[in-house]
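As stored in coords-v6.cif (mmCIF, C-alpha atoms):
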data_structure
#
loop_
_atom_site.label_atom_id
_atom_site.label_comp_id
_atom_site.auth_asym_id
_atom_site.auth_seq_id
_atom_site.Cartn_x
_atom_site.Cartn_y
_atom_site.Cartn_z
CA MET A 1 0.00 0.00 0.00
CA ALA A 2 1.59 3.26 -1.12
CA ASP A 3 1.64 6.27 1.17
CA ASN A 4 0.96 9.29 -1.01
CA SER A 5 0.72 11.81 1.83
CA LYS A 6 2.90 14.88 1.66
CA GLN A 7 6.18 14.80 3.60
CA THR A 8 6.43 16.92 6.71
CA VAL A 9 9.61 19.01 6.65
CA LEU A 10 10.68 20.95 9.73
CA THR A 11 13.29 23.70 9.80
CA PHE A 12 15.55 24.46 12.77
CA ASN A 13 17.91 27.40 13.12
CA ALA A 14 21.48 26.94 14.32
CA GLY A 15 21.43 26.59 18.11
CA GLU A 16 17.85 25.29 18.30
CA PHE A 17 17.09 22.01 20.06
CA VAL A 18 15.64 19.34 17.79
CA ILE A 19 15.36 16.73 20.56
CA ARG A 20 15.63 17.13 24.32
CA GLU A 21 16.85 14.37 26.58
CA LYS A 22 14.13 12.63 28.66
CA THR A 23 11.27 13.68 26.34
CA MET A 24 9.15 11.22 24.37
CA THR A 25 9.45 11.01 20.61
CA ASP A 26 6.91 12.15 18.04
CA GLY A 27 8.68 10.39 15.17
CA ILE A 28 11.91 9.77 13.34
CA TYR A 29 13.73 12.73 11.81
CA ILE A 30 15.78 12.27 8.65
CA VAL A 31 18.30 15.07 8.09
CA LYS A 32 17.70 16.61 4.67
CA GLU A 33 20.14 19.53 5.04
CA GLY A 34 22.53 20.73 7.70
CA GLN A 35 24.38 19.37 10.68
CA LEU A 36 23.28 18.36 14.19
CA GLU A 37 25.18 17.61 17.38
CA CYS A 38 24.09 14.86 19.75
CA PHE A 39 25.15 15.23 23.39
CA LYS A 40 24.27 14.46 26.99
CA GLN A 41 24.30 16.79 30.00
CA GLN A 42 25.93 15.30 33.07
CA ASN A 43 26.67 17.24 36.25
CA GLY A 44 26.41 20.49 34.29
CA ALA A 45 28.94 19.33 31.69
CA LYS A 46 28.18 18.78 28.01
CA ILE A 47 29.32 15.34 26.80
CA PRO A 48 29.44 15.19 22.98
CA LEU A 49 28.18 11.95 21.46
CA GLY A 50 28.38 12.65 17.75
CA ILE A 51 27.72 14.76 14.71
CA ILE A 52 24.74 13.93 12.51
CA GLY A 53 24.62 15.04 8.89
CA SER A 54 22.52 14.88 5.76
CA GLY A 55 20.97 11.47 5.12
CA GLU A 56 21.29 10.33 8.73
CA TYR A 57 18.36 9.98 11.13
CA ILE A 58 17.54 10.52 14.80
CA GLY A 59 14.82 9.38 17.19
CA GLU A 60 14.69 5.76 16.07
CA MET A 61 15.91 4.21 19.33
CA SER A 62 13.40 6.13 21.43
CA LEU A 63 10.60 5.23 19.06
CA LEU A 64 11.42 1.52 18.76
CA MET A 65 11.92 1.06 22.51
CA ASP A 66 9.04 3.41 23.51
CA ARG A 67 11.36 5.24 25.91
CA PRO A 68 12.28 8.89 26.37
CA HIS A 69 15.20 10.22 24.34
CA SER A 70 18.54 9.37 25.92
CA SER A 71 20.34 12.50 24.67
CA ASN A 72 19.91 16.03 23.35
CA VAL A 73 20.20 16.99 19.68
CA VAL A 74 20.83 20.58 18.68
CA ALA A 75 21.25 22.18 15.24
CA LEU A 76 24.85 23.24 14.57
CA THR A 77 23.80 24.86 11.30
CA ASP A 78 20.41 25.70 9.85
CA VAL A 79 18.76 22.29 9.42
CA LYS A 80 15.85 20.77 7.51
CA VAL A 81 14.49 17.38 8.58
CA ILE A 82 11.87 15.09 7.11
CA VAL A 83 9.57 13.74 9.82
CA ILE A 84 8.14 10.24 9.74
CA SER A 85 5.46 10.37 12.41
CA LYS A 86 5.26 7.92 15.28
CA GLU A 87 1.83 6.89 14.02
CA LYS A 88 3.15 5.99 10.55
CA ILE A 89 6.01 3.97 12.02
CA GLU A 90 3.68 2.19 14.47
CA THR A 91 1.34 1.28 11.60
CA GLN A 92 4.27 -0.27 9.73
CA ILE A 93 5.41 -2.11 12.87
CA GLU A 94 1.90 -3.50 13.44
CA ASN A 95 1.90 -4.86 9.87
CA SER A 96 5.38 -6.42 10.25
CA PRO A 97 6.07 -9.98 11.38
CA GLY A 98 6.59 -10.23 15.15
CA TRP A 99 10.02 -11.80 14.72
CA LEU A 100 11.21 -8.82 12.67
CA VAL A 101 10.05 -6.33 15.30
CA ALA A 102 11.72 -8.40 18.05
CA LEU A 103 14.93 -8.52 15.98
CA ALA A 104 14.98 -4.72 15.52
CA LYS A 105 14.34 -4.10 19.22
CA GLY A 106 17.01 -6.64 20.15
CA LEU A 107 19.54 -4.90 17.90
CA VAL A 108 18.75 -1.52 19.47
CA THR A 109 19.21 -2.97 22.96
CA ARG A 110 22.54 -4.58 21.99
CA LEU A 111 23.75 -1.33 20.46
CA GLN A 112 22.85 0.64 23.58
CA ASN A 113 24.55 -1.92 25.84
CA THR A 114 27.68 -2.07 23.66
CA ASN A 115 27.97 1.73 23.54
CA GLU A 116 27.73 1.96 27.32
CA LEU A 117 30.29 -0.83 27.82
CA LEU A 118 32.76 0.78 25.40
CA LYS A 119 32.43 4.18 27.07
CA LYS A 120 32.88 2.72 30.56
CA SER A 121 35.91 0.73 29.39
CA GLY A 122 37.53 3.82 27.88
CA TYR A 123 37.63 2.41 24.34
CA VAL A 124 35.54 5.25 22.96
CA ASP A 125 36.70 8.84 23.18
CA ASP A 126 33.62 10.77 22.07
CA SER A 127 35.39 14.11 21.95
CA ILE A 128 37.94 12.90 19.37
CA ALA A 129 35.32 11.12 17.24
CA THR A 130 33.06 14.18 17.30
CA LYS A 131 35.89 16.53 16.31
CA ALA A 132 36.94 14.23 13.46
CA LYS A 133 33.39 14.12 12.09
CA ALA A 134 33.11 17.92 12.36
CA ILE A 135 36.39 18.39 10.47
CA ALA A 136 35.25 15.94 7.76
CA TYR A 137 31.87 17.69 7.47
CA ASN A 138 33.44 21.13 7.15
CA GLY A 139 35.92 19.84 4.57
CA ASN A 140 33.09 18.38 2.46
CA LYS A 141 31.11 21.61 2.83
CA LYS A 142 34.00 23.70 1.47
CA ALA A 143 34.46 21.32 -1.48
CA SER A 144 30.83 21.83 -2.60
#

What do you get writing this file as structure tokens?
Amino acid sequence: MADNSKQTVLTFNAGEFVIREKTMTDGIYIVKEGQLECFKQQNGAKIPLGIIGSGEYIGEMSLLMDRPHSSNVVALTDVKVIVISKEKIETQIENSPGWLVALAKGLVTRLQNTNELLKKSGYVDDSIATKAKAIAYNGNKKAS
């Protein structure tokens, strides 16, 4: 069944929050243009988790696990996102085989657990990874 409804596109200015930690999701956002930063606040300190660019998406873990967002996402540049509503995703999930839904949720849980284990073990230095992605993004932006 084709979905011929018009896409919802939201625009965020640089510095605007797209997602706030501990809030529930209203859908998945696919970045159409611009750059976002994902981070957590801990004891008043900002802990960078990553840079999100065009073609990437956010909100999927919260939606699949029906949990509040685990981090903040703010626009680093002016950003346009395509929104796939929670209702549309839930309709697709309801029409999917149970084993496929369980597999997707299991993968999300494993990813979350692995990320936490790597951070606690010191194998992941988020600040270096974030800076490298930002440098790569800015280099690609200048080449365009």

For Leu103 in chain A, find every residue with an atom within 12 Å (counting only C-alpha atoms), except residues of its own chain fewer than 6 positions away, and show them as a PyMOL selection string. chain A and resi 64-65+93+96-97+109-110

Atom-to-atom span, CA of Val74 in chain A and CA of Leu111 in chain A, Å: 22.2 Å

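Taking only C-alpha atoms into account, Lys40 in chain A lies nearest to A:Ile19 out of the set A:Asp26, A:Val81, A:Leu100, A:Ile19.
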
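With CA of Asn95 in chain A on one side and CA of Thr25 in chain A on the other, the separation reads 20.6 Å.
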
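Picture a line from CA of Leu76 in chain A to CA of Gly59 in chain A; it runs 17.3 Å.
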
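Among the candidate residues A:Gln35, A:Asn13, A:Ser62, A:Thr8, the one lying nearest to Val108 in chain A is A:Ser62, with distances computed using only C-alpha atoms.
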
List, as a ChimeraX atom specification, every residue that the PyMOL selection byres ((chain A and resi 55) around 8) selects in the file provided. /A:30-32,53-54,56-57

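In this comparison, which uses all atoms listed in the file, the residue of A:Glu116, A:Ile51, A:Leu63, A:Leu36 approaching Lys88 in chain A most closely is A:Leu63.
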
Let me know the centre plus edge lengths, in Å and rounded to one decimal, of a box with edges along x, y and z that contains all listed atoms of range 84-90 of chain A and is padded by 5 Å on every side, as AutoDock Vina command-line options.
--center_x 5.0 --center_y 6.3 --center_z 12.5 --size_x 16.3 --size_y 18.2 --size_z 15.5

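Against the coordinates shown, the PyMOL selection byres ((chain A and resi 28) around 7) returns Gly27, Tyr29, Ile30, Tyr57, Ile58, Gly59, Glu60, Val83, Ile84 and Ser85 of chain A.
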
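The residue set within 12 Å of Ala14 in chain A, counting all atoms listed in the file and dropping same-chain residues fewer than 2 places from it, reads A:Thr11, A:Phe12, A:Glu16, A:Phe17, A:Val18, A:Glu33, A:Gly34, A:Gln35, A:Leu36, A:Glu37, A:Val73, A:Val74, A:Ala75, A:Leu76, A:Thr77, A:Asp78, A:Val79, A:Lys80.
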
Would you put the residues from that selection into a file with C-alpha atoms, as a CSV table (one decimal), in the frame of the given file?
chain,number,residue,atom,x,y,z
A,11,THR,CA,13.3,23.7,9.8
A,12,PHE,CA,15.6,24.5,12.8
A,16,GLU,CA,17.8,25.3,18.3
A,17,PHE,CA,17.1,22.0,20.1
A,18,VAL,CA,15.6,19.3,17.8
A,33,GLU,CA,20.1,19.5,5.0
A,34,GLY,CA,22.5,20.7,7.7
A,35,GLN,CA,24.4,19.4,10.7
A,36,LEU,CA,23.3,18.4,14.2
A,37,GLU,CA,25.2,17.6,17.4
A,73,VAL,CA,20.2,17.0,19.7
A,74,VAL,CA,20.8,20.6,18.7
A,75,ALA,CA,21.2,22.2,15.2
A,76,LEU,CA,24.8,23.2,14.6
A,77,THR,CA,23.8,24.9,11.3
A,78,ASP,CA,20.4,25.7,9.8
A,79,VAL,CA,18.8,22.3,9.4
A,80,LYS,CA,15.8,20.8,7.5
